[in-house]
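Trainee: Below you'll find my_file30.txt; it's compact mmCIF, C-alpha atoms and all ligand atoms.
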```txt
# COMPACT_ATOMS: atom_id res chain seq x y z
CA MET A 1 -33.24 11.63 23.65
CA LYS A 2 -32.18 8.18 22.43
CA ILE A 3 -30.30 8.34 19.16
CA VAL A 4 -29.20 5.80 16.55
CA VAL A 5 -26.66 6.65 13.84
CA LEU A 6 -27.06 4.81 10.52
CA LYS A 7 -24.25 5.00 7.97
CA PHE A 8 -24.72 3.89 4.38
CA GLY A 9 -21.74 3.09 2.15
CA GLY A 10 -21.32 3.65 -1.58
CA THR A 11 -22.87 0.44 -2.88
CA SER A 12 -25.78 0.80 -0.45
CA VAL A 13 -26.70 4.11 -2.09
CA GLY A 14 -25.29 3.19 -5.51
CA SER A 15 -28.47 3.55 -7.58
CA ILE A 16 -31.94 5.06 -7.40
CA ASP A 17 -33.29 1.66 -6.51
CA ARG A 18 -30.75 1.31 -3.67
CA ILE A 19 -31.65 4.80 -2.37
CA LYS A 20 -35.28 3.72 -2.21
CA LYS A 21 -34.22 0.59 -0.28
CA VAL A 22 -32.14 2.49 2.30
CA SER A 23 -34.95 5.00 2.76
CA LYS A 24 -37.12 2.04 3.68
CA ILE A 25 -34.51 0.87 6.23
CA ILE A 26 -34.44 4.39 7.70
CA SER A 27 -38.22 4.47 7.98
CA LEU A 28 -38.19 1.13 9.83
CA HIS A 29 -35.68 2.48 12.36
CA MET A 30 -38.00 5.42 12.98
CA LYS A 31 -40.53 3.00 14.43
CA SER A 32 -38.19 2.32 17.39
CA ASN A 33 -38.18 4.86 20.18
CA ARG A 34 -34.88 6.32 18.99
CA ARG A 35 -34.25 9.42 16.87
CA VAL A 36 -32.36 8.65 13.68
CA ILE A 37 -29.29 10.44 12.31
CA VAL A 38 -28.18 9.24 8.87
CA VAL A 39 -24.66 9.54 7.45
CA SER A 40 -24.16 8.78 3.78
CA SER A 41 -21.21 8.12 1.54
CA ALA A 42 -21.22 9.06 -2.17
CA MET A 43 -22.86 6.71 -4.66
CA SER A 44 -20.32 4.00 -5.56
CA GLY A 45 -17.82 4.98 -8.22
CA VAL A 46 -18.46 8.72 -7.85
CA THR A 47 -15.46 9.51 -5.61
CA ASN A 48 -13.12 7.47 -7.83
CA ASP A 49 -14.38 9.33 -10.85
CA PHE A 50 -13.61 12.71 -9.24
CA ILE A 51 -10.12 11.55 -8.28
CA ASN A 52 -9.45 10.45 -11.86
CA LYS A 53 -10.53 13.87 -13.06
CA THR A 54 -8.01 15.60 -10.77
CA LYS A 55 -5.25 13.41 -12.22
CA LYS A 56 -6.18 14.49 -15.74
CA ILE A 57 -6.13 18.16 -14.76
CA SER A 58 -2.77 18.11 -13.00
CA ASN A 59 -0.29 15.64 -11.53
CA ASN A 60 -0.01 18.05 -8.64
CA PHE A 61 -3.68 18.95 -8.08
CA ASN A 62 -4.15 21.42 -5.24
CA SER A 63 -5.13 19.48 -2.09
CA ALA A 64 -7.70 21.98 -0.84
CA GLU A 65 -9.48 21.95 -4.22
CA TYR A 66 -9.21 18.16 -4.27
CA ASP A 67 -11.24 18.08 -1.06
CA VAL A 68 -13.86 20.46 -2.46
CA LEU A 69 -14.27 18.24 -5.48
CA VAL A 70 -14.14 14.73 -4.01
CA SER A 71 -16.42 15.54 -1.08
CA SER A 72 -19.18 16.66 -3.45
CA GLY A 73 -20.43 13.14 -4.15
CA GLU A 74 -21.83 12.95 -0.63
CA GLN A 75 -23.94 16.06 -1.25
CA ILE A 76 -25.74 14.26 -4.09
CA SER A 77 -26.55 11.06 -2.20
CA CYS A 78 -27.73 12.94 0.90
CA ALA A 79 -30.10 15.09 -1.15
CA LEU A 80 -31.47 12.00 -2.90
CA ILE A 81 -32.08 10.16 0.38
CA SER A 82 -33.82 13.19 1.92
CA GLY A 83 -35.87 13.61 -1.23
CA ARG A 84 -37.01 10.00 -1.05
CA LEU A 85 -37.88 10.28 2.66
CA ASN A 86 -39.89 13.42 1.91
CA HIS A 87 -41.66 11.46 -0.82
CA LEU A 88 -42.58 8.86 1.82
CA GLY A 89 -44.02 11.62 3.99
CA ILE A 90 -41.09 11.75 6.41
CA LYS A 91 -39.62 15.06 7.53
CA SER A 92 -35.99 15.07 6.45
CA ARG A 93 -33.26 17.33 5.02
CA SER A 94 -29.66 17.06 3.97
CA TRP A 95 -26.93 18.60 6.12
CA LEU A 96 -23.55 19.36 4.56
CA SER A 97 -20.62 19.31 6.96
CA TRP A 98 -20.32 23.12 7.04
CA GLN A 99 -24.00 23.47 7.86
CA VAL A 100 -23.73 21.33 11.00
CA PRO A 101 -20.79 22.31 11.32
CA ILE A 102 -18.31 19.44 11.64
CA PHE A 103 -14.81 20.72 12.44
CA THR A 104 -11.66 18.91 11.43
CA GLU A 105 -7.93 19.39 11.87
CA GLY A 106 -4.91 18.10 10.00
CA ASP A 107 -3.91 18.16 6.34
CA TYR A 108 -6.33 18.21 3.45
CA LYS A 109 -7.20 14.71 2.14
CA LYS A 110 -6.59 13.20 5.59
CA SER A 111 -8.19 15.43 8.18
CA ARG A 112 -9.71 14.14 11.40
CA ILE A 113 -12.93 15.28 13.09
CA ILE A 114 -12.26 17.15 16.32
CA ASN A 115 -15.57 18.80 17.10
CA ILE A 116 -19.19 18.67 16.01
CA PHE A 117 -21.64 21.45 16.86
CA LYS A 118 -24.76 19.75 18.11
CA LYS A 119 -27.29 22.51 18.54
CA ARG A 120 -28.77 22.70 15.04
CA ILE A 121 -29.00 18.95 14.59
CA LEU A 122 -30.51 18.49 18.07
CA ASN A 123 -33.15 21.14 17.32
CA TYR A 124 -33.89 19.43 14.03
CA LEU A 125 -34.21 16.04 15.74
CA LYS A 126 -36.50 17.55 18.37
CA SER A 127 -38.70 18.91 15.59
CA GLY A 128 -39.15 15.33 14.36
CA GLY A 129 -36.81 15.60 11.36
CA VAL A 130 -34.33 13.02 10.10
CA PRO A 131 -31.00 14.71 9.33
CA ILE A 132 -29.03 13.16 6.45
CA ILE A 133 -25.44 14.24 7.04
CA THR A 134 -22.65 14.06 4.47
CA GLY A 135 -20.00 11.55 5.47
CA PHE A 136 -16.33 11.97 4.59
CA GLN A 137 -16.31 15.77 4.78
CA GLY A 138 -15.73 18.51 7.32
CA ILE A 139 -14.46 22.07 7.49
CA ASN A 140 -11.26 23.39 9.02
CA PHE A 141 -10.65 26.55 11.02
CA GLU A 142 -9.84 28.40 7.80
CA ASN A 143 -13.44 27.71 6.81
CA ARG A 144 -12.44 25.42 3.95
CA LEU A 145 -13.81 21.99 3.12
CA THR A 146 -11.74 18.97 4.12
CA THR A 147 -12.01 15.20 3.65
CA LEU A 148 -11.21 12.34 5.98
CA GLU A 149 -9.20 9.94 3.75
CA ARG A 150 -10.74 7.25 1.56
CA GLY A 151 -13.53 5.37 3.28
CA GLY A 152 -13.92 8.30 5.70
CA SER A 153 -17.70 8.17 6.02
CA ASP A 154 -17.10 5.44 8.59
CA ALA A 155 -15.19 7.97 10.72
CA SER A 156 -17.97 10.56 10.25
CA ALA A 157 -20.55 8.09 11.57
CA ILE A 158 -18.45 7.09 14.55
CA MET A 159 -17.64 10.68 15.56
CA ILE A 160 -21.29 11.68 15.14
CA ALA A 161 -22.23 8.73 17.39
CA LYS A 162 -19.68 9.98 19.94
CA PHE A 163 -20.76 13.63 19.98
CA PHE A 164 -24.48 12.84 20.06
CA LYS A 165 -23.95 10.02 22.60
CA ALA A 166 -25.85 7.65 20.31
CA GLU A 167 -27.05 4.34 21.72
CA ARG A 168 -26.15 2.55 18.52
CA CYS A 169 -23.98 3.14 15.49
CA ILE A 170 -24.79 0.89 12.56
CA ILE A 171 -22.55 0.74 9.52
CA TYR A 172 -24.61 -0.56 6.59
CA THR A 173 -22.47 -1.98 3.80
CA ASP A 174 -22.57 -4.49 0.92
CA VAL A 175 -21.48 -7.55 2.94
CA GLU A 176 -23.12 -8.98 6.06
CA GLY A 177 -20.38 -7.90 8.45
CA VAL A 178 -16.69 -8.38 9.06
CA TYR A 179 -15.54 -11.77 7.79
CA THR A 180 -12.46 -13.87 8.52
CA THR A 181 -11.21 -12.60 5.16
CA ASP A 182 -12.70 -10.79 2.15
CA PRO A 183 -15.85 -12.81 1.35
CA ASN A 184 -15.72 -11.53 -2.21
CA LEU A 185 -12.39 -13.34 -2.69
CA ILE A 186 -12.74 -16.43 -0.49
CA LYS A 187 -16.12 -18.08 -0.65
CA ASN A 188 -15.88 -19.95 2.67
CA ALA A 189 -14.87 -16.84 4.64
CA LYS A 190 -16.92 -16.77 7.84
CA LYS A 191 -18.79 -13.89 9.42
CA ILE A 192 -17.25 -12.86 12.74
CA LYS A 193 -19.83 -12.26 15.49
CA LYS A 194 -17.67 -10.01 17.65
CA ILE A 195 -14.25 -8.53 17.02
CA SER A 196 -12.08 -6.33 19.25
CA TYR A 197 -11.05 -2.81 18.22
CA GLU A 198 -7.41 -3.91 18.24
CA GLU A 199 -7.97 -6.77 15.82
CA MET A 200 -10.28 -4.71 13.60
CA LEU A 201 -7.70 -1.94 13.48
CA GLU A 202 -5.03 -4.41 12.33
CA MET A 203 -7.39 -6.07 9.86
CA SER A 204 -8.38 -2.81 8.22
CA SER A 205 -4.90 -1.24 8.31
CA LEU A 206 -3.60 -4.40 6.63
CA GLY A 207 -6.12 -4.22 3.81
CA ALA A 208 -9.68 -5.19 4.89
CA LYS A 209 -11.61 -2.36 3.23
CA VAL A 210 -14.82 -3.03 5.18
CA MET A 211 -13.93 -0.41 7.84
CA GLN A 212 -11.65 2.60 7.51
CA PRO A 213 -8.63 2.23 9.88
CA ALA A 214 -8.85 5.81 11.25
CA SER A 215 -12.51 5.25 12.09
CA ILE A 216 -11.60 2.26 14.25
CA GLN A 217 -9.03 4.36 16.12
CA ASP A 218 -11.78 6.90 16.80
CA ALA A 219 -14.14 4.13 17.95
CA ARG A 220 -11.53 2.59 20.23
CA LEU A 221 -10.56 5.89 21.83
CA ASN A 222 -14.19 6.78 22.46
CA ARG A 223 -15.41 3.24 23.28
CA ILE A 224 -18.12 3.32 20.58
CA ASN A 225 -19.62 -0.09 19.79
CA ILE A 226 -20.12 -0.53 16.07
CA ASP A 227 -22.59 -2.85 14.34
CA VAL A 228 -21.53 -3.71 10.80
CA LYS A 229 -24.29 -5.19 8.68
CA SER A 230 -25.71 -5.44 5.21
CA SER A 231 -28.19 -3.03 3.67
CA PHE A 232 -29.12 -5.85 1.27
CA THR A 233 -30.23 -8.49 3.81
CA ASN A 234 -31.63 -8.38 7.31
CA ASN A 235 -29.15 -10.83 8.88
CA THR A 236 -27.21 -10.15 12.07
CA GLY A 237 -23.82 -8.58 11.42
CA THR A 238 -20.61 -8.09 13.37
CA LEU A 239 -20.12 -6.16 16.61
CA ILE A 240 -16.83 -4.27 16.91
CA THR A 241 -16.25 -3.77 20.61
CA LYS A 242 -13.71 -3.80 23.45
CA ARG A 243 -11.69 -6.95 24.10
CA LYS A 244 -13.37 -7.55 27.46
CA ASN A 245 -16.71 -8.16 25.75
CA ILE A 246 -15.32 -11.11 23.81
CA SER A 247 -15.40 -14.31 25.81
CA LYS A 248 -13.18 -16.75 23.92
CA PRO A 249 -10.75 -15.12 21.50
CA LYS A 250 -9.51 -17.43 18.76
CA ILE A 251 -5.81 -17.80 18.01
CA ILE A 252 -6.33 -16.18 14.62
CA THR A 253 -9.35 -13.97 14.00
CA GLY A 254 -8.81 -13.02 10.38
CA ILE A 255 -6.59 -12.69 7.35
CA SER A 256 -6.04 -9.45 5.44
CA PHE A 257 -4.18 -8.69 2.25
CA THR A 258 -3.08 -5.72 0.19
CA LYS A 259 -3.42 -5.39 -3.56
CA ASN A 260 -1.22 -2.52 -4.64
CA ASP A 261 2.21 -2.79 -3.05
CA SER A 262 5.62 -2.51 -4.66
CA LYS A 263 8.94 -3.78 -3.36
CA ILE A 264 12.06 -1.67 -3.74
CA THR A 265 15.53 -3.09 -3.12
CA LEU A 266 18.66 -0.98 -2.98
CA LEU A 267 21.73 -3.11 -3.63
CA GLY A 268 25.20 -2.25 -2.39
CA ILE A 269 24.51 0.70 -0.14
CA THR A 270 27.27 1.86 2.21
CA ASP A 271 26.82 0.22 5.63
CA LYS A 272 27.35 3.08 8.08
CA PRO A 273 25.27 4.83 10.73
CA GLY A 274 22.70 7.26 9.38
CA VAL A 275 22.25 5.66 5.95
CA ALA A 276 18.72 4.39 6.57
CA ALA A 277 17.72 7.80 7.91
CA SER A 278 19.17 9.50 4.80
CA ILE A 279 17.20 7.12 2.57
CA PHE A 280 13.87 7.55 4.30
CA GLU A 281 13.98 11.26 5.20
CA PRO A 282 13.09 12.60 1.73
CA LEU A 283 10.41 9.93 1.34
CA SER A 284 8.76 10.96 4.56
CA LYS A 285 8.98 14.68 3.62
CA ASN A 286 7.13 13.79 0.42
CA PHE A 287 4.38 11.96 2.33
CA ILE A 288 5.42 8.55 0.95
CA ASN A 289 4.40 5.86 3.35
CA VAL A 290 7.13 3.23 3.73
CA ASP A 291 5.81 -0.07 5.02
CA MET A 292 7.80 -3.29 5.44
CA VAL A 293 11.57 -2.74 5.80
CA VAL A 294 14.41 -5.28 5.92
CA GLN A 295 18.12 -4.70 5.87
CA ASN A 296 20.44 -7.59 5.13
CA ILE A 297 23.41 -8.30 7.33
CA SER A 298 26.49 -6.97 5.63
CA SER A 299 28.96 -9.78 4.90
CA ASP A 300 32.03 -7.54 4.61
CA GLY A 301 30.93 -4.73 6.95
CA LYS A 302 31.09 -2.23 4.08
CA GLU A 303 28.04 -2.74 1.96
CA THR A 304 24.51 -3.98 2.52
CA ASP A 305 21.15 -4.31 0.75
CA LEU A 306 17.92 -2.66 1.91
CA THR A 307 14.39 -3.70 0.91
CA PHE A 308 11.15 -1.86 1.63
CA THR A 309 7.63 -1.55 0.28
CA VAL A 310 5.56 1.44 -0.83
CA LYS A 311 2.18 1.78 -2.53
CA ASN A 312 2.23 1.35 -6.34
CA ASP A 313 1.06 4.94 -6.76
CA ASP A 314 4.21 6.18 -5.02
CA VAL A 315 6.78 4.09 -6.93
CA VAL A 316 7.73 6.60 -9.62
CA LYS A 317 8.19 9.40 -7.09
CA THR A 318 10.14 7.11 -4.74
CA GLU A 319 12.53 6.00 -7.49
CA LYS A 320 13.14 9.61 -8.51
CA LEU A 321 13.81 10.72 -4.92
CA LEU A 322 16.23 7.83 -4.34
CA LYS A 323 18.16 8.51 -7.54
CA GLU A 324 18.35 12.25 -6.83
CA ASN A 325 19.44 11.74 -3.21
CA GLN A 326 23.04 13.02 -2.94
CA LYS A 327 23.44 11.69 0.59
CA ILE A 328 23.31 8.02 -0.40
CA LYS A 329 25.20 5.73 -2.79
CA PHE A 330 23.99 2.40 -4.07
CA LYS A 331 24.98 0.05 -6.89
CA ASN A 332 21.57 -0.88 -8.20
CA ILE A 333 17.86 -0.46 -7.57
CA ILE A 334 15.35 -3.25 -8.22
CA ILE A 335 11.62 -2.49 -8.29
CA THR A 336 9.03 -5.28 -8.22
CA LYS A 337 5.44 -4.14 -8.65
CA ASN A 338 3.49 -7.38 -8.33
CA VAL A 339 3.76 -8.07 -4.61
CA SER A 340 1.11 -8.39 -1.91
CA LYS A 341 1.22 -8.40 1.85
CA VAL A 342 -0.77 -11.20 3.47
CA SER A 343 -1.32 -10.91 7.24
CA ILE A 344 -2.83 -13.12 9.91
CA ILE A 345 -4.33 -11.26 12.86
CA GLY A 346 -5.44 -12.42 16.30
CA VAL A 347 -5.05 -11.45 19.96
CA GLY A 348 -4.88 -15.18 20.73
CA MET A 349 -1.39 -15.39 19.22
CA ILE A 350 0.04 -13.49 22.19
CA THR A 351 -0.43 -16.56 24.36
CA THR A 352 -0.13 -19.32 21.75
CA PRO A 353 3.32 -20.45 20.67
CA GLY A 354 4.00 -21.86 17.20
CA VAL A 355 1.72 -19.58 15.16
CA THR A 356 4.59 -18.22 13.04
CA TYR A 357 5.80 -21.72 12.27
CA ARG A 358 2.30 -22.87 11.29
CA MET A 359 1.92 -19.90 8.95
CA PHE A 360 5.28 -20.48 7.25
CA ARG A 361 4.69 -24.23 7.00
CA ALA A 362 1.27 -23.75 5.34
CA LEU A 363 2.79 -21.38 2.79
CA ALA A 364 5.77 -23.68 2.17
CA LYS A 365 3.45 -26.63 1.53
CA ASN A 366 1.89 -24.56 -1.24
CA LYS A 367 5.33 -23.58 -2.59
CA ILE A 368 4.75 -19.91 -1.84
CA ASN A 369 7.98 -18.01 -1.37
CA ILE A 370 8.12 -15.43 1.45
CA GLN A 371 9.99 -12.29 0.43
CA VAL A 372 9.75 -10.12 3.56
CA ILE A 373 8.35 -10.76 7.05
CA SER A 374 7.12 -8.34 9.70
CA THR A 375 5.40 -9.04 13.01
CA SER A 376 3.74 -7.30 15.91
CA GLU A 377 2.14 -8.67 19.07
CA ILE A 378 -1.12 -9.56 17.31
CA LYS A 379 -0.20 -9.96 13.64
CA ILE A 380 2.27 -11.63 11.29
CA SER A 381 2.66 -10.26 7.76
CA VAL A 382 4.49 -11.76 4.80
CA LEU A 383 5.21 -10.25 1.42
CA ILE A 384 4.59 -12.64 -1.46
CA ASN A 385 4.13 -12.68 -5.22
CA LYS A 386 0.70 -11.18 -5.93
CA ALA A 387 -0.25 -14.10 -8.18
CA PHE A 388 -0.33 -16.41 -5.12
CA VAL A 389 -2.51 -14.31 -2.81
CA LYS A 390 -5.67 -16.36 -3.15
CA LYS A 391 -3.78 -19.63 -2.75
CA ALA A 392 -1.97 -18.26 0.32
CA ILE A 393 -5.16 -17.05 2.00
CA LYS A 394 -6.96 -20.32 1.30
CA SER A 395 -4.13 -22.33 2.84
CA LEU A 396 -3.94 -20.09 5.93
CA HIS A 397 -7.72 -20.09 6.31
CA LYS A 398 -7.56 -23.87 6.41
CA GLU A 399 -4.48 -24.07 8.66
CA PHE A 400 -6.17 -21.95 11.35
CA ASN A 401 -9.65 -23.50 10.93
CA LEU A 402 -11.24 -20.18 10.17
CA SER A 403 -14.33 -21.55 8.41
CA LYS A 404 -15.35 -23.45 11.54
P1 LIG A 501 -18.89 0.73 1.79
O1 LIG A 501 -19.05 1.31 0.42
O2 LIG A 501 -20.19 0.22 2.35
O3 LIG A 501 -18.16 1.61 2.71
P2 LIG A 501 -16.51 -0.81 1.25
O4 LIG A 501 -16.37 -1.16 -0.20
O5 LIG A 501 -15.71 0.33 1.76
O6 LIG A 501 -18.06 -0.60 1.58
O7 LIG A 501 -16.21 -2.10 2.15
C1 LIG A 501 -16.91 -3.30 1.92
C2 LIG A 501 -16.02 -4.27 1.16
O8 LIG A 501 -14.92 -4.65 1.97
C3 LIG A 501 -16.69 -5.60 0.84
O9 LIG A 501 -17.41 -5.55 -0.37
C4 LIG A 501 -15.53 -6.59 0.79
O10 LIG A 501 -15.14 -6.93 -0.52
C5 LIG A 501 -14.37 -5.82 1.42
N1 LIG A 501 -13.68 -6.59 2.48
C6 LIG A 501 -12.35 -6.79 2.55
N2 LIG A 501 -12.04 -7.54 3.60
C7 LIG A 501 -13.19 -7.82 4.25
C8 LIG A 501 -13.51 -8.56 5.43
N3 LIG A 501 -12.57 -9.14 6.19
N4 LIG A 501 -14.81 -8.66 5.80
C9 LIG A 501 -15.78 -8.06 5.07
N5 LIG A 501 -15.53 -7.35 3.93
C10 LIG A 501 -14.25 -7.22 3.53
N1 LIG A 502 -16.96 8.43 -0.73
C1 LIG A 502 -15.73 8.33 0.02
C2 LIG A 502 -14.79 7.30 -0.61
O1 LIG A 502 -15.15 6.67 -1.60
C3 LIG A 502 -15.96 8.06 1.47
C4 LIG A 502 -16.52 6.70 1.82
O2 LIG A 502 -16.90 5.93 0.93
O3 LIG A 502 -16.59 6.39 3.01
O4 LIG A 502 -13.70 7.14 -0.14
MG MG A 503 -16.10 1.97 2.99
```
Here is the file; what I need is its structure written in the form of structure tokens.
Mentor:
Amino acid sequence: MKIVVLKFGGTSVGSIDRIKKVSKIISLHMKSNRRVIVVSSAMSGVTNDFINKTKKISNNFNSAEYDVLVSSGEQISCALISGRLNHLGIKSRSWLSWQVPIFTEGDYKKSRIINIFKKRILNYLKSGGVPIITGFQGINFENRLTTLERGGSDASAIMIAKFFKAERCIIYTDVEGVYTTDPNLIKNAKKIKKISYEEMLEMSSLGAKVMQPASIQDARLNRINIDVKSSFTNNTGTLITKRKNISKPKIITGISFTKNDSKITLLGITDKPGVAASIFEPLSKNFINVDMVVQNISSDGKETDLTFTVKNDDVVKTEKLLKENQKIKFKNIIITKNVSKVSIIGVGMITTPGVTYRMFRALAKNKINIQVISTSEIKISVLINKAFVKKAIKSLHKEFNLSK
């Protein structure tokens, strides 16, 4: 049995009119000789609304109940899609994760799919039905609902494609594919025809919301090709695939940016072994993700300054933990909320010298000050004032000829 997995994101199912449109797309796929499995996200805005409600109930909302609540948006959209397909005379029903079942492991809010029982869905496909499966949710071995982190319907689609050995996995979204940078911010961003898993993983981890980072890890591990395209137009999208399938990699493939970072600097901390570990241990125990880190060279060998970034949502907790930490001493703490990380990504930079210089020169020409730098084999990230993000991206886009 040849199978295609179609995943629809929040905006694609964001209204009754949109649900009618995606039902039409599904019915067109049924004309091919493949069986169709649909995965849907919640209607746009619904998941955010649930999360806001948890914050109003408690600043320490129980994680298991959080998953029960925030995964419920997917139940609504799946029922609406099935209902519309039934209206069109197509056999279809919704499948919640526990009905499949889709098993996950790991903590609530950020579980990962480890197994999907195929029998019921296969029987349903054989009977000519179109299953509409809830994205983003699963169950754990304690028989409780779990969710797969924000944007997790992408991971649901990819793991369903893996377990059902689908021929194609199409991610339908509100843009025509993966672009050189966010097309909603930079008008001359260009659609990328093919991108490697490695570059896509960096792009999404560094802020490109179009694909969830964990989903790309799943795709890379399982060698699942992903088509990303629009549910609004019929144009060709982007293929996310292995590096070997890409003939001429560019030096820079894309530019990503973050919107909600904060910079924390500890001034005058004692410069001795173990200090950094003492600073970061309580943060890690409290699930605070520390990103860019720089430590200044100590001029007198006694004291130094340490700078790092965390998400805005974690700033208050981080400050409290640092101030309460008996194991460390520092003279002052400076918190800057309005910073952004801008990153250039490309496998081509491994073999091309001078990329770092070109990036810094382009930013300097635009009088953009770099606050922190971090690099890996295929990316360079800089932390800058948030007010200059658009200017920075435009200048880098031009420097590396990304609109061509
Ligand atoms: P969905 O609801 O379909 O899952 P998302 O909102 O999660 O869609 O992701 C699509 C959004 O990702 C686009 O509307 C776009 O603004 C944003 N985006 C950020 N960076 C990129 C990029 N490099 N290419 C395409 N879209 C991007
Ligand atoms: N509805 C979930 C979210 O908003 C999952 C998804 O959109 O993929 O994060
Ligand atoms: Mg998404």
Trainee: Find the spatial neighbours of range 60-69 of chain A, counting all atoms listed in the file, within a cut-off of 7 Å - ignore same-chain residues fewer than 2 positions away - and output them as number ranges by chain.
Mentor: A: 50, 54, 58, 71-72, 108-109, 145-147
Trainee: Point out the residue among A:Ala276, A:Val13, A:Val130, A:Ile57 with the least atom-to-atom distance to Ser77 in chain A, counting only C-alpha atoms.
Mentor: A:Val13
Trainee: Please list as a ChimeraX atom specification every residue within 7 Å of range 113-126 of chain A, counting only C-alpha atoms and excluding residues in the same chain fewer than 3 positions away.
Mentor: /A:35,100-105,129-130,163
Trainee: 8 Å from ligand MG 503 (chain A) is the threshold here; counting all atoms listed in the file, which polymer residues fall inside it? Answer as a VMD selection string.
Mentor: chain A and resid 9 to 10 150 to 154 173 209 to 212
Trainee: Considering all atoms listed in the file, return as a PyMOL selection string whatever protein or nucleic-acid residues lie within 8 Å of Val290 in chain A, sequence-local ones (same chain, fewer than 5 positions apart) excluded.
Mentor: chain A and resi 283-284+308-310
Trainee: Could you check the closest approach to ligand LIG 501 (chain A) for each of A:Ser41, A:Ser23, A:Asn286, A:Asn296 and tell me which residue wins, using all atoms listed in the file?
Mentor: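 That would be A:Ser41, the residue with the smallest distance to ligand LIG 501 (chain A).
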Trainee: Counting all atoms listed in the file, what is within 7 Å of Lys311 in chain A, bar same-chain residues fewer than 6 positions away, as number ranges by chain?
Mentor: A: 260-262
Trainee: Using only C-alpha atoms - which residues lie no farther than 7 Å from the point (-0.5, -16.8, 6.6) in the file's frame? Write them as a PyMOL selection string.
Mentor: chain A and resi 342-344+359-360+363+392-393+396
Trainee: Near Thr236 in chain A, within 9 Å and counting all atoms listed in the file, which residues show up once chain neighbours fewer than 3 positions away are dropped, as a list in words?
Mentor: Glu176, Gly177, Lys193, Asp227, Val228, Lys229, Ser230 and Thr233 of chain A
Trainee: Ranking A:Ile25, A:Val46, A:Ile37, A:Val315 by minimum distance to ligand LIG 502 (chain A) and counting only C-alpha atoms and all ligand atoms, which one comes first?
Mentor: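 Result for the nearest residue to ligand LIG 502 (chain A): A:Val46.
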Trainee: Of the residues A:Gly138, A:Pro213, A:Gly254, A:Gly207, which is the one nearest to Lys191 in chain A, using only C-alpha atoms?
Mentor: A:Gly254
Trainee: Pick from A:Val178, A:Leu148, A:Leu88, A:Ile160: nearest to Ile255 in chain A, with all atoms listed in the file counted?
Mentor: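 The answer is A:Val178, which sits nearest to Ile255 in chain A.
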Trainee: What is the CA of Val36 in chain A to atom O2 of ligand LIG 502 (chain A) distance in Å?
Mentor: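 For CA of Val36 in chain A relative to atom O2 of ligand LIG 502 (chain A), the distance reads 20.2 Å.
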Trainee: Ligand LIG 502 (chain A), all listed atoms, 8 Å padding on each side: what axis-aligned box centre and edge lengths in Å to one decimal come out, as AutoDock Vina command-line options?
Mentor:
```
--center_x -15.3 --center_y 7.2 --center_z 0.7 --size_x 19.3 --size_y 18.5 --size_z 20.6
```
Trainee: To one decimal place in Å, what is the distance between CA of Ser111 in chain A and CA of Asn140 in chain A?
Mentor: 8.6 Å
Trainee: At a cut-off of 8 Å around the point (1.8, -7.8, 2.5) (file coordinates), what residues fall inside when counting only C-alpha atoms? I'd like the answer as a PyMOL selection string.
Mentor: chain A and resi 206+257-258+261+339-343+381-384
Trainee: Kindly indicate which residue among A:Leu221, A:Leu6, A:Ile51, A:Leu267 lies nearest to ligand LIG 501 (chain A), using only C-alpha atoms and all ligand atoms for the distances.
Mentor: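 Selected residue with least distance to ligand LIG 501 (chain A): A:Leu6.
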Trainee: Have a look at CA of Leu185 in chain A and atom O8 of ligand LIG 501 (chain A) and let me know their distance in Å, one decimal.
Mentor: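 Rounded to one decimal, the two atoms are 10.2 Å apart.
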